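Trainee: input-v4.cif is the file, holding mmCIF, C-alpha atoms and all ligand atoms:
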data_upload
loop_
_atom_site.label_atom_id
_atom_site.label_comp_id
_atom_site.auth_asym_id
_atom_site.auth_seq_id
_atom_site.Cartn_x
_atom_site.Cartn_y
_atom_site.Cartn_z
CA MET H 4 0.00 0.00 0.00
CA ILE H 5 1.32 3.43 -0.95
CA PHE H 6 0.32 6.53 1.03
CA ARG H 7 0.52 9.81 -0.83
CA GLN H 8 -1.32 13.03 -1.64
CA PHE H 9 -4.27 13.24 -4.03
CA GLU H 10 -3.56 13.68 -7.74
CA PRO H 11 -6.27 14.67 -10.28
CA GLY H 12 -6.05 11.20 -11.90
CA ASP H 13 -7.27 9.63 -8.62
CA LEU H 14 -10.74 11.14 -8.92
CA ASP H 15 -12.44 8.25 -10.78
CA SER H 16 -11.17 5.72 -8.28
CA ILE H 17 -12.22 7.89 -5.33
CA VAL H 18 -15.73 8.39 -6.77
CA ASP H 19 -16.02 4.59 -7.03
CA LEU H 20 -14.74 4.05 -3.48
CA GLU H 21 -17.06 6.76 -2.16
CA LYS H 22 -20.15 5.03 -3.63
CA ARG H 23 -19.06 1.69 -2.16
CA ALA H 24 -18.21 3.06 1.29
CA PHE H 25 -21.25 5.36 1.73
CA PRO H 26 -24.52 3.63 0.77
CA ILE H 27 -26.40 6.84 1.72
CA GLY H 28 -25.31 10.34 0.71
CA PRO H 29 -21.92 9.75 -0.94
CA TYR H 30 -20.13 12.87 -2.18
CA THR H 31 -20.65 13.27 -5.91
CA ARG H 32 -17.77 13.65 -8.34
CA PRO H 33 -18.11 17.49 -8.53
CA MET H 34 -18.24 17.69 -4.73
CA LEU H 35 -15.15 15.51 -4.35
CA ARG H 36 -13.28 17.52 -6.98
CA LYS H 37 -14.19 20.73 -5.17
CA ILE H 38 -13.18 19.43 -1.73
CA PHE H 39 -9.83 18.08 -2.92
CA ASN H 40 -9.12 21.39 -4.66
CA THR H 41 -10.14 23.58 -1.72
CA ARG H 42 -7.35 25.94 -0.78
CA GLY H 43 -5.76 24.93 2.51
CA SER H 44 -7.13 21.39 2.45
CA PHE H 45 -4.78 18.46 2.92
CA ASN H 46 -5.28 14.77 2.36
CA VAL H 47 -3.84 11.26 2.36
CA ILE H 48 -4.69 8.66 -0.28
CA ALA H 49 -3.98 4.92 0.14
CA VAL H 50 -3.30 3.26 -3.21
CA GLU H 51 -2.79 -0.39 -4.09
CA GLY H 52 -2.49 -1.78 -7.61
CA GLY H 53 -3.41 1.61 -9.06
CA LYS H 54 -6.69 1.68 -7.12
CA VAL H 55 -7.55 4.03 -4.26
CA MET H 56 -8.38 1.81 -1.26
CA GLY H 57 -8.86 4.62 1.23
CA TYR H 58 -8.71 8.37 1.61
CA VAL H 59 -8.96 11.06 4.21
CA ILE H 60 -9.24 14.80 3.71
CA ALA H 61 -9.07 17.68 6.18
CA LEU H 62 -10.14 21.31 5.88
CA PRO H 63 -9.08 24.18 8.14
CA LEU H 64 -11.94 25.51 10.31
CA ASP H 65 -10.18 28.35 12.12
CA ASP H 66 -6.71 29.15 13.50
CA LYS H 67 -6.86 26.31 16.01
CA SER H 68 -8.96 23.60 14.40
CA ALA H 69 -9.14 21.47 11.30
CA ASP H 70 -12.10 19.30 10.26
CA VAL H 71 -11.87 15.69 9.10
CA GLU H 72 -14.15 16.40 6.14
CA SER H 73 -14.29 12.78 4.99
CA ILE H 74 -12.61 9.43 5.57
CA ALA H 75 -13.41 6.17 3.81
CA VAL H 76 -11.91 2.73 3.41
CA ASP H 77 -12.89 0.24 0.70
CA PRO H 78 -15.50 -2.11 2.26
CA ASP H 79 -13.33 -5.13 1.35
CA LEU H 80 -10.53 -3.74 3.54
CA GLN H 81 -12.49 -2.32 6.46
CA ARG H 82 -11.61 -3.41 9.99
CA SER H 83 -8.02 -4.20 9.00
CA GLY H 84 -6.34 -1.06 10.32
CA LEU H 85 -6.27 1.09 7.19
CA GLY H 86 -8.69 3.67 8.62
CA THR H 87 -6.51 3.94 11.72
CA THR H 88 -3.42 4.55 9.59
CA LEU H 89 -5.22 7.22 7.53
CA LEU H 90 -6.59 8.98 10.62
CA LYS H 91 -3.15 9.01 12.26
CA LEU H 92 -1.55 10.40 9.11
CA ILE H 93 -4.10 13.22 8.76
CA GLU H 94 -3.74 14.06 12.47
CA ASP H 95 0.04 14.24 11.92
CA GLY H 96 -0.70 16.60 9.02
CA MET H 97 -2.88 18.75 11.29
CA ARG H 98 -0.10 18.94 13.89
CA GLY H 99 2.30 19.83 11.07
CA HIS H 100 -0.02 22.70 10.16
CA SER H 101 -0.02 23.73 13.86
CA PHE H 102 -3.68 22.88 14.50
CA GLN H 103 -4.55 22.13 18.10
CA TYR H 104 -7.88 20.37 17.61
CA SER H 105 -9.26 17.83 15.17
CA VAL H 106 -13.04 18.20 14.68
CA LEU H 107 -15.48 16.05 12.73
CA GLU H 108 -19.14 15.32 12.20
CA VAL H 109 -20.42 11.76 12.08
CA ARG H 110 -23.91 10.42 11.52
CA ASP H 111 -25.48 9.69 14.89
CA ARG H 112 -26.50 6.18 13.70
CA ASN H 113 -23.09 5.33 12.23
CA ASP H 114 -22.09 3.23 15.23
CA GLU H 115 -19.12 1.70 13.40
CA ALA H 116 -17.54 5.10 12.73
CA ILE H 117 -18.48 6.47 16.18
CA ASN H 118 -16.68 3.46 17.73
CA PHE H 119 -13.73 4.10 15.45
CA TYR H 120 -13.43 7.76 16.48
CA ARG H 121 -13.94 7.02 20.19
CA LYS H 122 -11.18 4.43 20.01
CA HIS H 123 -8.92 7.16 18.65
CA GLY H 124 -9.68 9.67 21.40
CA TYR H 125 -12.56 11.68 19.93
CA VAL H 126 -15.33 12.90 22.24
CA ALA H 127 -18.84 13.97 21.20
CA ILE H 128 -19.43 17.61 22.16
CA THR H 129 -22.68 18.46 20.30
CA HIS H 130 -25.64 16.72 18.70
CA LEU H 131 -26.89 18.29 15.46
CA PRO H 132 -30.37 16.79 14.80
CA THR H 133 -30.79 17.93 11.17
CA TYR H 134 -27.18 18.07 9.97
CA TYR H 135 -27.65 15.83 6.93
CA THR H 136 -30.16 16.02 4.07
CA GLU H 137 -30.61 12.26 3.67
CA VAL H 138 -31.96 9.94 6.33
CA PHE H 139 -29.64 7.13 7.44
CA ARG H 140 -30.98 4.38 9.74
CA GLY H 141 -33.91 6.65 10.58
CA SER H 142 -31.99 9.83 11.41
CA ARG H 143 -30.53 12.94 9.76
CA GLY H 144 -28.56 13.78 12.88
CA ALA H 145 -24.85 14.03 13.54
CA PHE H 146 -22.52 14.19 16.49
CA ARG H 147 -19.74 16.74 16.39
CA MET H 148 -16.67 15.11 17.88
CA VAL H 149 -13.37 16.68 18.91
CA LYS H 150 -9.88 15.49 19.79
CA LYS H 151 -7.14 17.66 21.28
CA LEU H 152 -4.01 17.06 19.25
CA ARG H 153 -1.50 19.11 21.20
CA ASP H 154 -1.21 21.79 23.90
C1 LIG A 201 -14.96 4.33 9.62
C2 LIG A 201 -13.84 3.69 8.76
C3 LIG A 201 -13.08 4.78 8.02
C4 LIG A 201 -12.88 2.95 9.69
O1 LIG A 201 -11.85 2.38 8.91
P1 LIG A 201 -11.40 0.85 9.16
O2 LIG A 201 -10.19 0.62 8.32
O3 LIG A 201 -12.56 -0.04 8.97
O4 LIG A 201 -11.03 0.90 10.71
P2 LIG A 201 -9.79 0.23 11.49
O5 LIG A 201 -9.69 -1.20 11.10
O6 LIG A 201 -8.56 1.05 11.38
O7 LIG A 201 -10.27 0.46 12.99
C5 LIG A 201 -11.10 -0.44 13.53
C6 LIG A 201 -11.76 0.13 14.78
O8 LIG A 201 -12.83 1.01 14.41
C7 LIG A 201 -14.05 0.54 15.02
N1 LIG A 201 -14.83 -0.14 13.95
C8 LIG A 201 -14.54 -0.15 12.62
N2 LIG A 201 -15.50 -0.84 11.96
C9 LIG A 201 -16.37 -1.26 12.88
C10 LIG A 201 -17.58 -2.02 12.81
N3 LIG A 201 -18.07 -2.49 11.64
N4 LIG A 201 -18.25 -2.27 13.95
C11 LIG A 201 -17.79 -1.79 15.12
N5 LIG A 201 -16.64 -1.08 15.26
C12 LIG A 201 -15.95 -0.81 14.15
C13 LIG A 201 -13.61 -0.43 16.09
O9 LIG A 201 -13.28 0.31 17.26
C14 LIG A 201 -12.36 -1.04 15.49
O10 LIG A 201 -11.44 -1.53 16.41
P3 LIG A 201 -11.36 -3.13 16.60
O11 LIG A 201 -11.29 -3.74 15.22
O12 LIG A 201 -10.10 -3.30 17.41
O13 LIG A 201 -12.61 -3.47 17.35
C15 LIG A 201 -14.43 2.67 7.74
O14 LIG A 201 -15.16 1.69 8.44
C16 LIG A 201 -15.30 3.26 6.65
O15 LIG A 201 -14.79 3.65 5.60
N6 LIG A 201 -16.63 3.31 6.86
C17 LIG A 201 -17.55 3.79 5.83
C18 LIG A 201 -17.42 5.27 5.62
C19 LIG A 201 -17.67 6.02 6.91
O16 LIG A 201 -18.62 5.78 7.63
N7 LIG A 201 -16.75 7.01 7.19
C20 LIG A 201 -16.85 7.85 8.36
C21 LIG A 201 -17.71 9.01 8.03
S1 LIG A 201 -17.80 10.18 9.37
#
Transcribe the structure of this file into structure tokens.
Ligand SMILES: CC(C)(COP(=O)(O)OP(=O)(O)OC[C@H]1O[C@@H](n2cnc3c(N)ncnc32)[C@H](O)[C@@H]1OP(=O)(O)O)[C@@H](O)C(=O)NCCC(=O)NCCS
Mentor:
Amino acid sequence: MIFRQFEPGDLDSIVDLEKRAFPIGPYTRPMLRKIFNTRGSFNVIAVEGGKVMGYVIALPLDDKSADVESIAVDPDLQRSGLGTTLLKLIEDGMRGHSFQYSVLEVRDRNDEAINFYRKHGYVAITHLPTYYTEVFRGSRGAFRMVKKLRD
């Protein structure tokens, strides 16, 4: 597995992964292109055999905080540590950009991802009942979770 930054030629593979990883409300191709091209964003792509198997992208929120905008691992590879590696790499990137806090929003019924973030030190600070447009497992809500990265 190679870990590197996004290149424009990765977009097709990421769109495919996105559809497979998010049965409800995947980012569309234009949205993904926009996010990856957002000024100040940073990302890590995991590539094997020319195919993107996982990605994570962060956007600055303010001077102190960056947001894990999206993270996804190919369903065939989930629960094998790739998400952990991607999250650690993006947190390292946040520290490198001098951010103190990592922030994210996760669907309040996405127990798998909530477990994942808790395991990595994230704490829910707010519940946002209508954060998403689409309903997932009967809810449109999200938890905002935060992790302190450094003093
Ligand atoms: C969330 C996600 C990125 C985690 O990546 P991953 O490679 O599967 O996770 P890892 O193997 O590194 O970490 C596993 C830990 O996360 C949690 N976890 C991951 N999948 C889980 C599941 N299906 N059920 C319960 N806990 C789960 C557990 O704490 C697990 O630790 P354990 O295996 O020791 O019990 C991945 O499952 C994914 O892409 N999900 C679909 C997209 C998504 O929901 N993204 C988050 C949007 S906010």
Trainee: Which of these residues is nearest to Leu64 (chain H), using only C-alpha atoms: H:Phe25, H:Lys122, H:Gly141, H:Ser44?
Mentor: H:Ser44
Trainee: When you look at region 81-98 of chain H with a cut-off of 10 Å (counting all atoms listed in the file), what residues show up, excluding the ones that are within fewer than 5 positions of it in the same chain? I need them as an mmCIF file with C-alpha atoms, in the frame of the given file.
Mentor:
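Below is the file that was written, around24.cif:
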data_model
loop_
_atom_site.group_PDB
_atom_site.id
_atom_site.type_symbol
_atom_site.label_atom_id
_atom_site.label_comp_id
_atom_site.auth_asym_id
_atom_site.auth_seq_id
_atom_site.Cartn_x
_atom_site.Cartn_y
_atom_site.Cartn_z
ATOM 1 C CA MET H 4 0.000 0.000 0.000
ATOM 2 C CA PHE H 6 0.320 6.530 1.030
ATOM 3 C CA ALA H 24 -18.210 3.060 1.290
ATOM 4 C CA PHE H 45 -4.780 18.460 2.920
ATOM 5 C CA ASN H 46 -5.280 14.770 2.360
ATOM 6 C CA VAL H 47 -3.840 11.260 2.360
ATOM 7 C CA ILE H 48 -4.690 8.660 -0.280
ATOM 8 C CA ALA H 49 -3.980 4.920 0.140
ATOM 9 C CA MET H 56 -8.380 1.810 -1.260
ATOM 10 C CA GLY H 57 -8.860 4.620 1.230
ATOM 11 C CA TYR H 58 -8.710 8.370 1.610
ATOM 12 C CA VAL H 59 -8.960 11.060 4.210
ATOM 13 C CA ILE H 60 -9.240 14.800 3.710
ATOM 14 C CA ALA H 61 -9.070 17.680 6.180
ATOM 15 C CA LEU H 62 -10.140 21.310 5.880
ATOM 16 C CA PRO H 63 -9.080 24.180 8.140
ATOM 17 C CA LYS H 67 -6.860 26.310 16.010
ATOM 18 C CA SER H 68 -8.960 23.600 14.400
ATOM 19 C CA ALA H 69 -9.140 21.470 11.300
ATOM 20 C CA ASP H 70 -12.100 19.300 10.260
ATOM 21 C CA VAL H 71 -11.870 15.690 9.100
ATOM 22 C CA ILE H 74 -12.610 9.430 5.570
ATOM 23 C CA ALA H 75 -13.410 6.170 3.810
ATOM 24 C CA VAL H 76 -11.910 2.730 3.410
ATOM 25 C CA GLN H 103 -4.550 22.130 18.100
ATOM 26 C CA TYR H 104 -7.880 20.370 17.610
ATOM 27 C CA SER H 105 -9.260 17.830 15.170
ATOM 28 C CA GLU H 115 -19.120 1.700 13.400
ATOM 29 C CA ALA H 116 -17.540 5.100 12.730
ATOM 30 C CA PHE H 119 -13.730 4.100 15.450
ATOM 31 C CA TYR H 120 -13.430 7.760 16.480
ATOM 32 C CA LYS H 122 -11.180 4.430 20.010
ATOM 33 C CA HIS H 123 -8.920 7.160 18.650
ATOM 34 C CA LYS H 150 -9.880 15.490 19.790
ATOM 35 C CA LEU H 152 -4.010 17.060 19.250
ATOM 36 C CA ARG H 153 -1.500 19.110 21.200
#
Trainee: Between CA of Asp114 (chain H) and atom N7 of ligand LIG 201 (chain A), what is the distance in Å, rounded to a tenth?
Mentor: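 Atom-to-atom, CA of Asp114 (chain H) to atom N7 of ligand LIG 201 (chain A), that is 10.4 Å.
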Trainee: Pick from H:Ser73, H:Val126, H:Asp65, H:Ile5: nearest to Gly52 (chain H), with all atoms listed in the file counted?
Mentor: H:Ile5
Trainee: Might I get the box with edges along x, y and z of the file that holds all atoms of ligand LIG 201 (chain A) listed there, padded by 5 Å on every side, given as centre and edge lengths in Å to one decimal, as AutoDock Vina command-line options?
Mentor:
--center_x -13.6 --center_y 3.2 --center_z 11.5 --size_x 20.1 --size_y 23.9 --size_z 21.8
Trainee: Point out the residue among H:Leu35, H:Ile128, H:Leu20, H:Val50 with the least atom-to-atom distance to ligand LIG 201 (chain A), counting all atoms listed in the file.
Mentor: H:Leu20
Trainee: Work out how far CA of Asp77 (chain H) is from atom C16 of ligand LIG 201 (chain A), in Å to one decimal.
Mentor: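 So the two atoms, atom C16 of ligand LIG 201 (chain A) and CA of Asp77 (chain H), lie 7.1 Å apart.
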Trainee: Using only C-alpha atoms and all ligand atoms, which residue out of H:Asp15, H:Glu10, H:Asp154, H:Glu108 lies closest to ligand LIG 201 (chain A)?
Mentor: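 Among the listed residues, H:Glu108 lies closest to ligand LIG 201 (chain A).
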Trainee: I'd like the interatomic distance between CA of Arg110 (chain H) and atom S1 of ligand LIG 201 (chain A), to a tenth of an Å.
Mentor: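 Here the two named atoms are 6.5 Å from each other.
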Trainee: Quick one: residues within 9 Å of Ser142 (chain H), only C-alpha atoms counted, chain neighbours fewer than 4 positions away excluded, as a PDB file with C-alpha atoms, in the coordinates of the input?
Mentor:
ATOM      1  CA  ARG H 110     -23.910  10.420  11.520  1.00  0.00           C
ATOM      2  CA  ASP H 111     -25.480   9.690  14.890  1.00  0.00           C
ATOM      3  CA  ARG H 112     -26.500   6.180  13.700  1.00  0.00           C
ATOM      4  CA  PRO H 132     -30.370  16.790  14.800  1.00  0.00           C
ATOM      5  CA  THR H 133     -30.790  17.930  11.170  1.00  0.00           C
ATOM      6  CA  TYR H 135     -27.650  15.830   6.930  1.00  0.00           C
ATOM      7  CA  GLU H 137     -30.610  12.260   3.670  1.00  0.00           C
ATOM      8  CA  VAL H 138     -31.960   9.940   6.330  1.00  0.00           C
TER       9      VAL H 138
END
Trainee: Find the residues near Thr129 (chain H): any atom within 8 Å, counting all atoms listed in the file, skip ones fewer than 3 places away on the same chain, and give them as JSON, numbers by chain.
Mentor: {"H": [146, 147, 148]}
Trainee: Between H:Leu14, H:Val149, H:Val109, H:Ile38, which residue has the minimum interatomic distance to Leu131 (chain H), considering only C-alpha atoms?
Mentor: H:Val109
Trainee: So which residues touch Lys22 (chain H) within 10 Å, counting all atoms listed in the file, skipping near sequence neighbours fewer than 6 positions away, as a ChimeraX atom specification?
Mentor: /H:28-31,77
Trainee: Smallest atom-to-atom distance to ligand LIG 201 (chain A): which of H:Arg42, H:Arg121, H:Arg7, H:His100, using only C-alpha atoms and all ligand atoms?
Mentor: H:Arg121
